[in-house]
Amino acid sequence: MRAMVLREQGRPLEAARVTDPEPGRGQVAVRVVACGVCRTDLHVADGDLHEPKLPLVLGHQIVGEVVEAGEGAERFALGARVGIPWLGWTDGECRYCRTGRENLCERARFTGYDIDGGFAESAVADERFCLSLPPDPGPVHMAPLLCAGLIGYRALRACGDGARVGLYGFGASAHIVCQVAAHQGRRVFALTRPGDVEGQAFARELGAEWAGDSEAGPPEPLDAAIIFAPVGALVPAALGALDPGGVVVCAGIHMSDIPAFPYEILWGERQIRSVANLTRRDGEELLAIAPEVPVRTEVTAYPLERANDALGAIRDGTLRGAAVLEIADATSS
Ligand SMILES: [Zn+2]
Ligand SMILES: [Zn+2]
């Protein structure tokens, strides 16, 4: 099969022909139709995240069709449309798994990091961690829901019932969360890079009540802020925009150092927290809510061979919405 392979961090992905992966016990083999490109893929490629499997196929927002079932794998019929997300495997027995927090599993393995992912024509996955997908939207528009959407949704849940939510950084994740938050009746404030008037207009189209520069801050205090941009300086900025009792949720897997800040902006029971990974429950919930909103994803599609260009566009921040690799035509409906 064709695959884009990371041989060494800090180097571009290489187009390669590799052997088709075989499904092991409890696994399915999937023909990859589309695979979203996430900022995390960029962090792995650039070396911000350490010790990935090498060589590695990146990609953890896989929409595909089951083409083969390994021994004992019975969950999906051949041809079923499934999603393969970041959480690829957990031990099911550690103290986190036993308490509904499999996202923190001590032995978790991640797709496109510890396990080969979807920047390829086929992939294998543990069937228990695959998501059953609704028929709409189609593969290319579905793919960004599988990480940008899922992590964003988990971050939004971490905002509690906060009515005024600030979104710092308006990329793939924020453009989905904005729609879900507005649908829930929250007031959304989008904070973009200074001068990004296009991004601000995009946010207003998707339900943000207000959009403006992150440096200037929101026009009124927030109950919650989600930081999607990997910029540590946004943490004190967002904290300073919160009313007492508010929370800053850091949604990214990697962020530059957070500068020192005066205690008084944390005082008043304000909180700073991160969200890490996802649980299968997050996936099921978001995929149930998405058609109700309905969530509309804005994507820029690239052929598999142009995966490096897709990563570059995320690095440059020039994308509107999400980048997706369009790898094959869907054969099932
Ligand atoms: Zn565990
Ligand atoms: Zn991701």
# chains A, B, ... in the order shown; residues from 1 in each chain; ligands from 1
>>> select_by_dssp(residues="segment 51-243 of chain A", states="alpha helix (DSSP H)", output="ChimeraX atom specification")
/A:139-142,148-157,172-183,197-205,234-239
>>> select_by_dssp(residues="segment 30-262 of chain A", states="strand (DSSP E)", output="PyMOL selection string")
chain A and resi 30-37+56-57+62-69+81-84+87-89+109-110+122-126+131-132+164-168+187-192+210-213+222-227+242-250
>>> residues_around(residues="segment 312-317 of chain A", least_positions_apart="2", cutoff="8 Å", atoms="only C-alpha atoms", output="JSON list (two decimals) with C-alpha atoms, in the first residue's frame")
[["chain", "number", "residue", "atom", "x", "y", "z"],
["A", 38, "CYS", "CA", -4.20, 17.34, 13.50],
["A", 39, "ARG", "CA", -1.82, 19.72, 15.23],
["A", 42, "LEU", "CA", 2.64, 18.20, 13.52],
["A", 171, "GLY", "CA", -8.54, 26.41, 14.13],
["A", 308, "ASN", "CA", 3.62, 17.46, 4.21],
["A", 309, "ASP", "CA", 1.79, 20.43, 2.70],
["A", 310, "ALA", "CA", -1.16, 19.81, 5.00],
["A", 319, "LEU", "CA", -5.95, 27.06, 7.13],
["A", 323, "ALA", "CA", -6.94, 19.75, 6.90]]
>>> residues_around(residues="segment 260-269 of chain A", least_positions_apart="6", cutoff="10 Å", atoms="only C-alpha atoms", output="PyMOL selection string")
chain A and resi 233+235-247
>>> write_last_selection(atoms="C-alpha atoms", output="PDB file, in the first residue's frame")
ATOM      1  CA  ALA A 233       1.215  33.290  27.131  1.00  0.00           C
ATOM      2  CA  VAL A 235      -2.947  31.132  29.878  1.00  0.00           C
ATOM      3  CA  PRO A 236      -2.476  34.284  31.996  1.00  0.00           C
ATOM      4  CA  ALA A 237      -4.322  36.290  29.317  1.00  0.00           C
ATOM      5  CA  ALA A 238      -7.348  33.983  29.535  1.00  0.00           C
ATOM      6  CA  LEU A 239      -7.132  33.762  33.329  1.00  0.00           C
ATOM      7  CA  GLY A 240      -7.255  37.551  33.499  1.00  0.00           C
ATOM      8  CA  ALA A 241     -10.441  37.523  31.435  1.00  0.00           C
ATOM      9  CA  LEU A 242     -12.321  35.166  33.813  1.00  0.00           C
ATOM     10  CA  ASP A 243     -14.915  36.032  36.402  1.00  0.00           C
ATOM     11  CA  PRO A 244     -14.375  34.422  39.840  1.00  0.00           C
ATOM     12  CA  GLY A 245     -15.066  30.665  39.758  1.00  0.00           C
ATOM     13  CA  GLY A 246     -14.152  30.440  36.087  1.00  0.00           C
ATOM     14  CA  VAL A 247     -11.900  27.882  34.448  1.00  0.00           C
TER      15      VAL A 247
END
>>> residues_around(residues="Gly232 of chain A", least_positions_apart="4", cutoff="8 Å", atoms="only C-alpha atoms", output="ChimeraX atom specification")
/A:255-259
>>> closest_residue(among="A:Thr279, A:Ser122, A:Gln27, A:Ser214", to="ligand 1", atoms="only C-alpha atoms and all ligand atoms")
A:Thr279
>>> residues_near_ligand(ligand="ligand 2", cutoff="7 Å", atoms="only C-alpha atoms and all ligand atoms", output="JSON, numbers by chain")
{"A": [38, 39, 40, 41, 60, 86, 147, 148]}
>>> residues_near_ligand(ligand="ligand 1", cutoff="10 Å", atoms="only C-alpha atoms and all ligand atoms", output="VMD selection string")
chain A and resid 89 to 109
>>> closest_residue(among="A:Glu215, A:Asp329, A:Glu68, A:Glu305", to="Asp20 of chain A", atoms="only C-alpha atoms")
A:Glu68
>>> closest_residue(among="A:Phe228, A:Phe119, A:Tyr302, A:Phe110", to="Gly166 of chain A", atoms="only C-alpha atoms")
A:Phe228
>>> closest_residue(among="A:Gly47, A:Gly10, A:Pro137, A:Gly72", to="His254 of chain A", atoms="only C-alpha atoms")
A:Gly47
>>> closest_residue(among="A:Gly162, A:Pro218, A:Gly83, A:Pro194", to="Ala34 of chain A", atoms="only C-alpha atoms")
A:Gly83
>>> residues_around(residues="Ala229 of chain A", least_positions_apart="5", cutoff="8 Å", atoms="only C-alpha atoms", output="ChimeraX atom specification")
/A:168-170,252,255
>>> atom_distance(atom1="atom CA of Glu8 of chain A", atom2="atom CA of Gly117 of chain A")
15.9 Å
>>> decode(residues="segment 12-149 of chain A", atoms="C-alpha atoms", output="CSV table (one decimal), in the first residue's frame")
chain,number,residue,atom,x,y,z
A,12,PRO,CA,9.4,15.6,6.1
A,13,LEU,CA,7.3,12.5,5.7
A,14,GLU,CA,8.4,10.2,2.9
A,15,ALA,CA,6.1,8.7,0.3
A,16,ALA,CA,6.6,4.9,0.5
A,17,ARG,CA,5.2,1.5,-0.5
A,18,VAL,CA,4.9,-0.7,2.5
A,19,THR,CA,3.3,-4.0,3.2
A,20,ASP,CA,-0.4,-4.0,4.0
A,21,PRO,CA,-0.9,-4.3,7.8
A,22,GLU,CA,-2.6,-7.6,8.9
A,23,PRO,CA,-5.3,-7.5,11.6
A,24,GLY,CA,-4.3,-9.4,14.7
A,25,ARG,CA,-6.5,-10.9,17.4
A,26,GLY,CA,-9.5,-8.5,18.1
A,27,GLN,CA,-8.4,-6.1,15.4
A,28,VAL,CA,-10.0,-5.0,12.1
A,29,ALA,CA,-8.2,-3.9,8.9
A,30,VAL,CA,-9.7,-0.8,7.5
A,31,ARG,CA,-9.4,0.7,4.0
A,32,VAL,CA,-8.7,4.3,4.7
A,33,VAL,CA,-11.0,6.7,2.9
A,34,ALA,CA,-10.0,9.9,4.6
A,35,CYS,CA,-7.8,10.9,7.5
A,36,GLY,CA,-7.8,14.2,9.3
A,37,VAL,CA,-4.5,16.1,9.9
A,38,CYS,CA,-4.2,17.3,13.5
A,39,ARG,CA,-1.8,19.7,15.2
A,40,THR,CA,-0.7,16.7,17.3
A,41,ASP,CA,0.6,15.1,14.0
A,42,LEU,CA,2.6,18.2,13.5
A,43,HIS,CA,4.0,18.0,17.1
A,44,VAL,CA,5.0,14.4,16.5
A,45,ALA,CA,6.6,15.2,13.1
A,46,ASP,CA,8.5,18.2,14.5
A,47,GLY,CA,9.7,16.4,17.6
A,48,ASP,CA,7.8,18.4,20.2
A,49,LEU,CA,6.4,15.0,21.5
A,50,HIS,CA,9.0,12.4,22.3
A,51,GLU,CA,9.6,8.8,21.6
A,52,PRO,CA,7.0,7.9,18.9
A,53,LYS,CA,7.2,4.5,17.3
A,54,LEU,CA,9.6,4.9,14.3
A,55,PRO,CA,9.2,4.5,11.4
A,56,LEU,CA,5.7,5.7,11.9
A,57,VAL,CA,2.5,6.4,9.9
A,58,LEU,CA,0.9,9.5,11.5
A,59,GLY,CA,-2.9,10.2,11.5
A,60,HIS,CA,-5.5,9.6,14.1
A,61,GLN,CA,-8.7,10.8,12.6
A,62,ILE,CA,-9.4,7.9,10.3
A,63,VAL,CA,-12.6,7.3,8.4
A,64,GLY,CA,-12.5,3.9,6.7
A,65,GLU,CA,-14.3,0.8,5.8
A,66,VAL,CA,-13.7,-2.6,7.4
A,67,VAL,CA,-12.2,-4.9,4.9
A,68,GLU,CA,-11.0,-7.8,7.1
A,69,ALA,CA,-11.6,-9.0,10.7
A,70,GLY,CA,-8.8,-10.6,12.7
A,71,GLU,CA,-9.4,-13.6,14.9
A,72,GLY,CA,-12.2,-13.1,17.4
A,73,ALA,CA,-13.1,-9.7,16.0
A,74,GLU,CA,-16.9,-9.7,15.5
A,75,ARG,CA,-18.1,-6.2,16.2
A,76,PHE,CA,-18.3,-4.9,12.6
A,77,ALA,CA,-19.6,-6.3,9.4
A,78,LEU,CA,-17.3,-6.2,6.4
A,79,GLY,CA,-17.9,-2.8,4.6
A,80,ALA,CA,-18.9,-1.1,7.9
A,81,ARG,CA,-17.9,2.6,8.1
A,82,VAL,CA,-15.8,3.2,11.2
A,83,GLY,CA,-13.8,5.9,12.8
A,84,ILE,CA,-10.4,5.3,14.3
A,85,PRO,CA,-9.4,7.9,16.9
A,86,TRP,CA,-6.3,8.8,18.9
A,87,LEU,CA,-7.0,6.4,21.8
A,88,GLY,CA,-6.0,3.1,20.3
A,89,TRP,CA,-5.7,0.8,23.2
A,90,THR,CA,-5.9,0.7,27.0
A,91,ASP,CA,-5.2,-2.0,29.5
A,92,GLY,CA,-8.7,-1.8,31.0
A,93,GLU,CA,-7.4,-2.6,34.5
A,94,CYS,CA,-5.4,0.3,35.9
A,95,ARG,CA,-6.8,2.7,38.5
A,96,TYR,CA,-7.8,5.1,35.7
A,97,CYS,CA,-9.5,2.6,33.5
A,98,ARG,CA,-11.4,1.2,36.4
A,99,THR,CA,-12.8,4.7,37.2
A,100,GLY,CA,-14.0,5.8,33.9
A,101,ARG,CA,-10.8,7.7,33.0
A,102,GLU,CA,-9.4,5.5,30.3
A,103,ASN,CA,-8.0,8.7,28.7
A,104,LEU,CA,-5.4,8.7,31.5
A,105,CYS,CA,-4.6,4.9,31.3
A,106,GLU,CA,-1.1,4.3,32.4
A,107,ARG,CA,-0.4,1.9,29.5
A,108,ALA,CA,-2.5,3.6,26.8
A,109,ARG,CA,-1.4,3.4,23.2
A,110,PHE,CA,-2.2,6.0,20.7
A,111,THR,CA,-3.0,5.9,17.0
A,112,GLY,CA,-0.4,7.6,14.8
A,113,TYR,CA,2.0,7.6,17.7
A,114,ASP,CA,2.5,4.2,19.3
A,115,ILE,CA,0.4,2.4,16.5
A,116,ASP,CA,0.6,3.2,12.8
A,117,GLY,CA,-2.2,5.6,11.8
A,118,GLY,CA,-4.1,6.7,8.7
A,119,PHE,CA,-1.7,8.6,6.4
A,120,ALA,CA,-1.9,5.4,4.3
A,121,GLU,CA,-4.2,3.3,2.2
A,122,SER,CA,-5.0,0.9,5.0
A,123,ALA,CA,-4.7,0.7,8.8
A,124,VAL,CA,-5.5,-1.9,11.5
A,125,ALA,CA,-7.2,-1.1,14.8
A,126,ASP,CA,-8.5,-2.8,18.0
A,127,GLU,CA,-12.2,-3.1,17.2
A,128,ARG,CA,-13.1,-2.0,20.7
A,129,PHE,CA,-11.6,1.4,20.2
A,130,CYS,CA,-13.2,2.0,16.8
A,131,LEU,CA,-16.2,4.3,16.6
A,132,SER,CA,-19.3,3.4,14.7
A,133,LEU,CA,-20.0,6.4,12.4
A,134,PRO,CA,-23.4,7.8,11.4
A,135,PRO,CA,-23.9,8.1,7.6
A,136,ASP,CA,-23.5,11.9,7.6
A,137,PRO,CA,-21.5,13.9,7.0
A,138,GLY,CA,-19.4,12.1,4.4
A,139,PRO,CA,-15.8,10.9,5.1
A,140,VAL,CA,-13.9,14.0,4.4
A,141,HIS,CA,-16.2,16.2,6.6
A,142,MET,CA,-16.4,13.5,9.2
A,143,ALA,CA,-12.7,13.1,9.8
A,144,PRO,CA,-12.1,16.3,11.7
A,145,LEU,CA,-14.8,15.3,14.3
A,146,LEU,CA,-12.6,12.4,15.3
A,147,CYS,CA,-10.0,14.4,17.2
A,148,ALA,CA,-10.5,18.2,16.6
A,149,GLY,CA,-14.1,17.5,17.5
